[in-house]
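Below: one structure, written as structure tokens.
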Amino acid sequence: MARAVTSQRKLINTGLAWAIGLLIFFPILWTILTSFKTEAQAIASPPIFLGFDWTLENYGVVMERSNYARFLWNSILIAGGSTILGLIVAVPAAWSMAFVPSRRTKDILLWMLSTKMLPAVGVLYPIYLLFIQLGLLDSRAGLIIVMMLINLPIIVWMLYTYFREIPVEILEAARMDGATLKEEVLYILTPMAIPGIASTMLLNFILAWNEAFWTLNLTAVNAAPLTAFIASYSSPEGLFFAKLSAASTMAIAPILILGWFSQKQLVRGLTFGAVK
Amino acid sequence: MTLRTPLCMASAAAIIAASAAHAETITIATVNNGDMIRMQGYTDDFTAKTGHEVEWVTLEENVLRQRVTTDITTKGGSFDIMTIGMYETPIWGANEWLVPLDDLSAEYDVDDILPAMAGGLSHDGTLYAAPFYGESSMVMYRTDLMEKAGLEMPDAPTWDFIREAAAAMTDRDNEINGICLRGKAGWGEGGAFITAMSNSFGARWFDMDWNAQFDTEAWANTLNFFKGMMDESGPSGYATNGFNENLNLFNQGKCGMWIDATVAASFVTGDGSTVADSVGFALAPDNGLGKRSNWLWAWALAIPAGTQKEAAAKQFIEWATSKEYIELVAANEGWANVPPGARTSLYENPEYQKVPFAQMTLDSILSADPNNSTVEPSPYVGIQFAAIPEFAGIATEVSQEFSAAYAGQQTVEEALEKAQAITNEAMEAAGYR
Amino acid sequence: MATKASRSAARLMMAPAVVLLLGWMLVPLIMTLWFSFRTYLPLRGGDQGWTGFDNYVRFVTSSAFWPAVQTTLVIVLGVLIITVCLGILLAILLDQPMWGQGVVRILVIAPFFVMPTVSALVWKNMFMDPVNGLFAHLWRFFGAEPVSWLSDAATPSIIMIVSWQWLPFATLILLTAIQSLDSEQLEAAEMDGAPHLKRFWYIILPHLSRAITIVILIQTIFLLAIFAEIFVTTGGAFGTRTLSYLIFQRVLESQNVGLGSAGGVYAIILANIVAIFLMRIVGKNLDN
């Protein structure tokens with residue numbers, strides 16, 4: 001085929017993809033832009049896109065009013081801790097479901113998902129009372145456990161599907177060669193599964209980062225993450241778009257940066273380069 | 001984390017050292033309203049005076065409500081002080097969930113608290129929460145637009161005048177709506193407004209046997225009047241407008257009149273407003289039936305029973321709701337920015353009397369009587385709410401039906417029928433009927 | 001095939017996850033069941049004893065129940081259709097060679113990083129506000145009357161906001177699946193002169209079926225429970241009250257834990273019906 005055609009197609013693809021990408025990204029871009037405006041400019045009519053007086057005032061106000069570092073640190077600890085804990089529990093389970101399936105595997109998988117279906121607010125009082133009894137209220141440990149349990153079904157599912165993509169022949173060949181279970185998992189499966197595990201990790205991290213019901217309702221000071229930080233900027237009296245935008249930008253920036261760096265790994269996901 | 005700005009001066013450090021044995025860290029849950037956020041900025045003054053540190057949990061109003069309610073009913077003990085309103089205080093006080101504030105110091109001068117506020121924050125004559133600021137509602141209007149329309153706002157207008165003036169001020173081509181009112185669903189938003197308004201139309205939520213009253217003519221009149229006026233002269237999409245949406249509209253010069261909380265007066269005359277120089281105030285309208293449509297509310301500080309830090313918490317409440325605190329704010333940010341509506345002495349202060357909205361705010365507060373809010377007798381206390389635990393849930397659902405009627409998705413009659421059914425159903429479930 | 005030893009090892013490896021989830025499911029479930037049979041009013045002295053099936057009857061006969069179920073299904077289905085369809089198209093597009101692929105990918109994925117509360121606030125205030133929102137400005141620019149999105153088209157607006165949040169997830173999962181597609185197979189089909197549509201229908205779509213299943217299953221779980229988007233935008237008014245929102249109103253606004261718990265039990269039942277239904281339709285894809 002002629003080279004000109006493909007490069008023309010590439011051009012069209014690029015144009016289209018960028019247009020759609022920017023359209024999808026626009027609300028976030030708008031939030032970030034708004035965070036640099038004054039409150040009055042944030043609701044100016046007609047809206048101002050770039051020609052406003054850029055100011056860091058909102059960020060200054062937010063930093064002065066809230067202990068951002070503490071909220072951020074709690075978010076990182078809770079999202080990170082629950083992700084790691086979740087993986088430790090989920091990897092073996094997903095592995096055994098994918099490679100040693102029994103008749104009940106699918107039922108167990110479905111049942112795991114169904115545990116996520118109980119509406120959170122319906123069990124707020126029971127869980128709250130339980131947390132008081134166990135002294136876990138407003139503790140990071142308590143939240144890490146809850147976040148881990150909430151997302152565990154998703155992790156197991158994701159890992160299960162990724163593992164299923166790994167050809168069984170390779171495992172059988174390894175077994176023929178006399179590999180033990182431990183060797184099989186450590187030297188054959190894990191390297192092949194790393195992309196899948198990585199994207200599961202990121203997904204879980206994001207879900208835990210954004211979870212706003214338990215993280216708000218079970219914390220006060222010591223364990224309050226960024227969702228609580230946001231709750232102090234949403235809908236106060238008076239104008240708040242610019243300050244909310246600044247707070248929002250601060251709340252999503254860390255995870256946006258994390259996503260940026262890991263997106264290659266993330267998209268590699270199922271392409272098991274090593275297999276081929 | 002104990003990284004605190006080392007702002008304390010030497011003398012303050014000495015006090016802290018002296019009282020180190022009793023120094024505590026108290027946790028305060030509060031709403032993210034402007035006056036509370038200002039209070040957080042002055043925490044160092046409290047720490048310097050008492051040695052106690054403060055941890056703030058600042059949340060948006062709806063989240064705060066669900067958070068503190070969960071904690072108080074389960075005796076979770078997450079907070080040493082909670083910011084609550086006039087609706088919660090008597091109910092929680094009756095359950096003995098709050099520490100009675102009956103032993104406040106003599107300097108605090110508890111008798112200086114406006115009687116209307118103290119009354120609303122008490123149960124059986126015992127004060128359970130100290131008002132940080134209080135509010136009623138009143139008419140805020142644009143003097144320039146009023147003049148242009150050839151009208152003059154009386155100090156105590158009637159609803160008919162308001163409607164007429166709204167129509168006269170409306171100028172759709174220039175995006176000027178004659179009147180902006182809350183239509184947003186939620187008991188504290190549109191629900192509060194329409195309930196207060198219904199009082200002036202002779203309506204009430206319940207009769208003396210706790211039967212819902214939405215099948216009465218008074219309620220039909222209220223809703224029809226509201227919807228008629230707003231369709232004529234209100235902004236588009238008013239069914240989703242609450243306090244904040246209307247504040248922004250007013251500040252952008254898009255409203256001729258706005259009937260809402262008296263605390264808004266300092267916002268519409270402040271820096272964020274494009275119309276600050278041409279705002280006038282009047283009492284909330286009436287209908288000649290002897291009741292005006294203004295409400296009464298206070299954001300107050302209360303101590304949950306069972307806290308280990310009761311003494312320190314009391315010290316904080318005495319500090320935050322004291323005359324000295326008001327003076328502290330006035331000295332730093334001007335009299336217009338002090339927390340209003342809590343203390344009699346504030347309104348006797350000649351400096352404060354110069355603030356343009358001071359007198360109208362006081363008059364509005366004084367004309368509101370939670371114990372006697374309806375034309376016909378009612379079994380409940382409260383003006384824009386009925387102080388029973390079930391009210392918040394019922395009124396939110398009822399106001400959702402009203403909002404759907406404002407948006408034209410159902411008729412006023414349908415909305416009232418549903419409101420009647422919802423209310424009676426819930427009251428039956430709660431065992432009132 | 002697996003030996004007996006590896007089978008028991010497998011059980012052992014599964015045990016922690018199963019036991020933990022069992023605990024996490026059973027403890028709240030039993031507590032929910034317990035409360036659902038009691039009159040539990042936190043603001044009226046708490047637990048006031050047995051009440052039989054009263055809460056269940058009251059919840060299901062309330063005029064709000066069936067509309068709430070309907071709204072829940074409409075929102076879940078609407079979001080699923082939008083995210084899966086657009087997700088497939090986007091995934092195919094992003095798989096094509098282009099300049100700045102990495103940047104475009106991060107742009108498309110970004111909404112997933114935004115907290116639901118924030119995205120709802122941003123959409124509500126900065127886009128859908130009938131006076132100051134960008135849509136209103138756009139509408140006026142073209143001489144049209146601005147729409148009050150959150151009252152006149154409340155459910156579609158919420159579907160849109162939620163779709164915006166979940167489209168990245170669908171795209172991401174589908175994109176990873178597409179990338180595992182054997183490019184030789186596709187090229188061969190291209191050589192044979194198979195038209196685009198045919199290639200899509202017979203090669204790409206079957207290959208994506210498992211990924212689509214995962215997207216649908218996982219999203220359904222989250223969509224059945226969406227809360228913040230409704231809480232922030234309409235507060236359940238204008239026909240946007242979902243089942244989980246109704247339960248929220250019963251538990252926290254009306255402070256009737258017993259009634260809310262009964263609602264919670266109904267929600268579990270509904271969710272399981274949906275899940276079984278889904279498995280019938282898409283579950284086959286998990287086997288192969």
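Residues are referred to by chain and number: the chain letter is A, B, ... according to the order shown in the structure tokens, the number counts from 1 in that chain, and ligands are numbered separately from 1 in the order shown.
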
Subject >> chain A residues near chain B (8 Å cut-off, only C-alpha atoms) as an MDAnalysis selection string >> reply: chainID A and resid 39:40 65 70 125 128:129 132 137:138 216:217 220:221 228 231:239

If we count only C-alpha atoms, which residues of chain C reach to within 7 Å of chain B? Please list them as a tab-separated table (two decimals) with C-alpha atoms, in the first residue's frame.
```
chain	number	residue	atom	x	y	z
C	42	PRO	CA	-31.66	6.70	66.52
C	43	LEU	CA	-33.31	10.02	67.37
C	130	PRO	CA	-28.78	27.59	33.50
C	148	SER	CA	-32.22	24.01	33.03
C	151	SER	CA	-34.49	20.10	36.57
C	152	ASP	CA	-35.82	19.66	33.02
C	235	GLY	CA	-30.65	15.66	45.93
C	237	ALA	CA	-35.53	15.55	43.11
C	238	PHE	CA	-36.94	15.52	39.58
C	249	GLN	CA	-33.04	9.24	52.80
C	252	LEU	CA	-29.90	9.47	57.42
C	253	GLU	CA	-32.55	12.03	56.58
C	254	SER	CA	-35.51	10.32	58.22
```

Original post:
Skipping near chain neighbours, those fewer than 3 positions away, what residues fall within 9 Å of stretch 106-111 of chain A using only C-alpha atoms, listed as a PyMOL selection string?
Top reply: (chain A and resi 97+101-103+114-115+153+156-157) or (chain C and resi 18+275-276+279+286-287)

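What separates atom CA of B:Thr262 from atom CA of B:Ser137 is a distance of 5.0 Å.
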
Original post:
Which chain A residues are at most 7 Å from chain C (counting only C-alpha atoms), as an MDAnalysis selection string?
Top reply: chainID A and resid 10:11 13:14 17:18 21:22 24:25 43 45:46 89:90 92:93 96 100 112 114:119 121:123 126:127 149 206 210 248 252 255:256 260 263 267:271

Subject >> Shell around A:Leu159 at 8 Å using only C-alpha atoms, local window under 6 positions removed, as a ChimeraX atom specification >> reply: /A:90-91,94-95,196-197,200

Convert the current residue selection to file output with N, CA and C atoms, as a PDB file, in the first residue's frame.
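The result, stored in part35.pdb:
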```pdb
ATOM      1  N   ALA A  90      -5.414 -11.126  47.368  1.00  0.00           N
ATOM      2  CA  ALA A  90      -6.114 -11.469  46.128  1.00  0.00           C
ATOM      3  C   ALA A  90      -5.279 -12.287  45.158  1.00  0.00           C
ATOM      4  N   VAL A  91      -3.956 -12.049  45.100  1.00  0.00           N
ATOM      5  CA  VAL A  91      -3.153 -12.754  44.098  1.00  0.00           C
ATOM      6  C   VAL A  91      -3.263 -14.268  44.246  1.00  0.00           C
ATOM      7  N   ALA A  94      -6.860 -15.367  43.174  1.00  0.00           N
ATOM      8  CA  ALA A  94      -7.088 -15.281  41.733  1.00  0.00           C
ATOM      9  C   ALA A  94      -6.277 -16.345  41.016  1.00  0.00           C
ATOM     10  N   TRP A  95      -5.080 -16.565  41.512  1.00  0.00           N
ATOM     11  CA  TRP A  95      -4.240 -17.577  40.874  1.00  0.00           C
ATOM     12  C   TRP A  95      -4.920 -18.943  40.920  1.00  0.00           C
ATOM     13  N   GLY A 196      -0.569  -7.040  34.295  1.00  0.00           N
ATOM     14  CA  GLY A 196      -1.927  -7.168  34.803  1.00  0.00           C
ATOM     15  C   GLY A 196      -2.016  -6.729  36.252  1.00  0.00           C
ATOM     16  N   ILE A 197      -1.035  -7.155  37.038  1.00  0.00           N
ATOM     17  CA  ILE A 197      -1.024  -6.772  38.448  1.00  0.00           C
ATOM     18  C   ILE A 197      -0.864  -5.264  38.580  1.00  0.00           C
ATOM     19  N   THR A 200      -4.092  -3.556  37.791  1.00  0.00           N
ATOM     20  CA  THR A 200      -5.027  -3.787  38.897  1.00  0.00           C
ATOM     21  C   THR A 200      -4.686  -2.891  40.082  1.00  0.00           C
TER      22      THR A 200
END
```

Original post:
Within 8 Å of A:Ser35, counting only C-alpha atoms, which residues qualify if same-chain residues fewer than 6 places away don't, as an NGL selection string?
Top reply: :A and (58-59 or 241-246 or 249)

Got time to write the residues from that selection, N, CA and C atoms, as a PDB file, in the first residue's frame?
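File produced: out.pdb:
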```pdb
ATOM      1  N   ASN A  58      -5.891  31.532  45.360  1.00  0.00           N
ATOM      2  CA  ASN A  58      -6.735  30.439  45.842  1.00  0.00           C
ATOM      3  C   ASN A  58      -5.920  29.344  46.509  1.00  0.00           C
ATOM      4  N   TYR A  59      -4.787  29.038  45.897  1.00  0.00           N
ATOM      5  CA  TYR A  59      -3.933  28.002  46.475  1.00  0.00           C
ATOM      6  C   TYR A  59      -3.404  28.463  47.833  1.00  0.00           C
ATOM      7  N   PHE A 241     -16.226  28.789  43.542  1.00  0.00           N
ATOM      8  CA  PHE A 241     -15.744  27.996  42.414  1.00  0.00           C
ATOM      9  C   PHE A 241     -14.224  27.979  42.342  1.00  0.00           C
ATOM     10  N   ALA A 242     -13.615  29.133  42.480  1.00  0.00           N
ATOM     11  CA  ALA A 242     -12.174  29.212  42.304  1.00  0.00           C
ATOM     12  C   ALA A 242     -11.461  28.431  43.398  1.00  0.00           C
ATOM     13  N   LYS A 243     -11.933  28.620  44.642  1.00  0.00           N
ATOM     14  CA  LYS A 243     -11.277  27.893  45.741  1.00  0.00           C
ATOM     15  C   LYS A 243     -11.545  26.391  45.634  1.00  0.00           C
ATOM     16  N   LEU A 244     -12.776  26.043  45.272  1.00  0.00           N
ATOM     17  CA  LEU A 244     -13.081  24.624  45.080  1.00  0.00           C
ATOM     18  C   LEU A 244     -12.207  24.052  43.964  1.00  0.00           C
ATOM     19  N   SER A 245     -12.024  24.827  42.912  1.00  0.00           N
ATOM     20  CA  SER A 245     -11.201  24.360  41.799  1.00  0.00           C
ATOM     21  C   SER A 245      -9.769  24.146  42.255  1.00  0.00           C
ATOM     22  N   ALA A 246      -9.275  25.064  43.060  1.00  0.00           N
ATOM     23  CA  ALA A 246      -7.908  24.917  43.550  1.00  0.00           C
ATOM     24  C   ALA A 246      -7.806  23.662  44.423  1.00  0.00           C
ATOM     25  N   THR A 249      -8.044  20.622  42.220  1.00  0.00           N
ATOM     26  CA  THR A 249      -6.797  20.400  41.491  1.00  0.00           C
ATOM     27  C   THR A 249      -5.767  19.756  42.414  1.00  0.00           C
TER      28      THR A 249
END
```

**OP:** Skip B:Asp80 itself and residues of its chain fewer than 6 positions away, then list as JSON, numbers by chain all residues within 10 Å of it, counting only C-alpha atoms.
**Re:** {"B": [25, 26, 27, 28, 29, 54, 55, 302, 303, 304, 305, 306, 307, 308, 309, 310, 312, 313, 314]}

**OP:** Quick one: pull the distance between atom CA of C:Ile216 and atom CA of A:Val168, Å, one decimal.
**Re:** 26.2 Å

**OP:** May I have the residues within 12 Å of stretch 195-201 of chain C as a PyMOL selection string, using only C-alpha atoms and disregarding those fewer than 3 positions away in the same chain?
**Re:** chain C and resi 88-89+92+178+181+185-192+204-209

Original post:
stretch 32-253 of chain C: which residues are alpha helix (DSSP H) by DSSP, as a ChimeraX atom specification?
Top reply: /C:32-36,54-61,65-95,101-109,116-122,134-141,149-152,154-179,183-191,196-199,205-224,228-233,243-248

Original post:
What does the distance between atom CA of C:Gly78 and atom CA of C:Ile161 come to in Å, to one decimal place?
Top reply: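 According to the coordinates, atom CA of C:Gly78 and atom CA of C:Ile161 are separated by 11.3 Å.
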
Subject >> Pick from A:Ser82, A:Asn67, A:Tyr160, A:Pro27 nearest to A:Ile145, counting only C-alpha atoms >> reply: A:Ser82

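Between A:Ile166 and the candidates A:Trp30, A:Phe99, A:Phe52, A:Phe71, the tightest atom-to-atom separation, counting only C-alpha atoms, involves A:Phe99.
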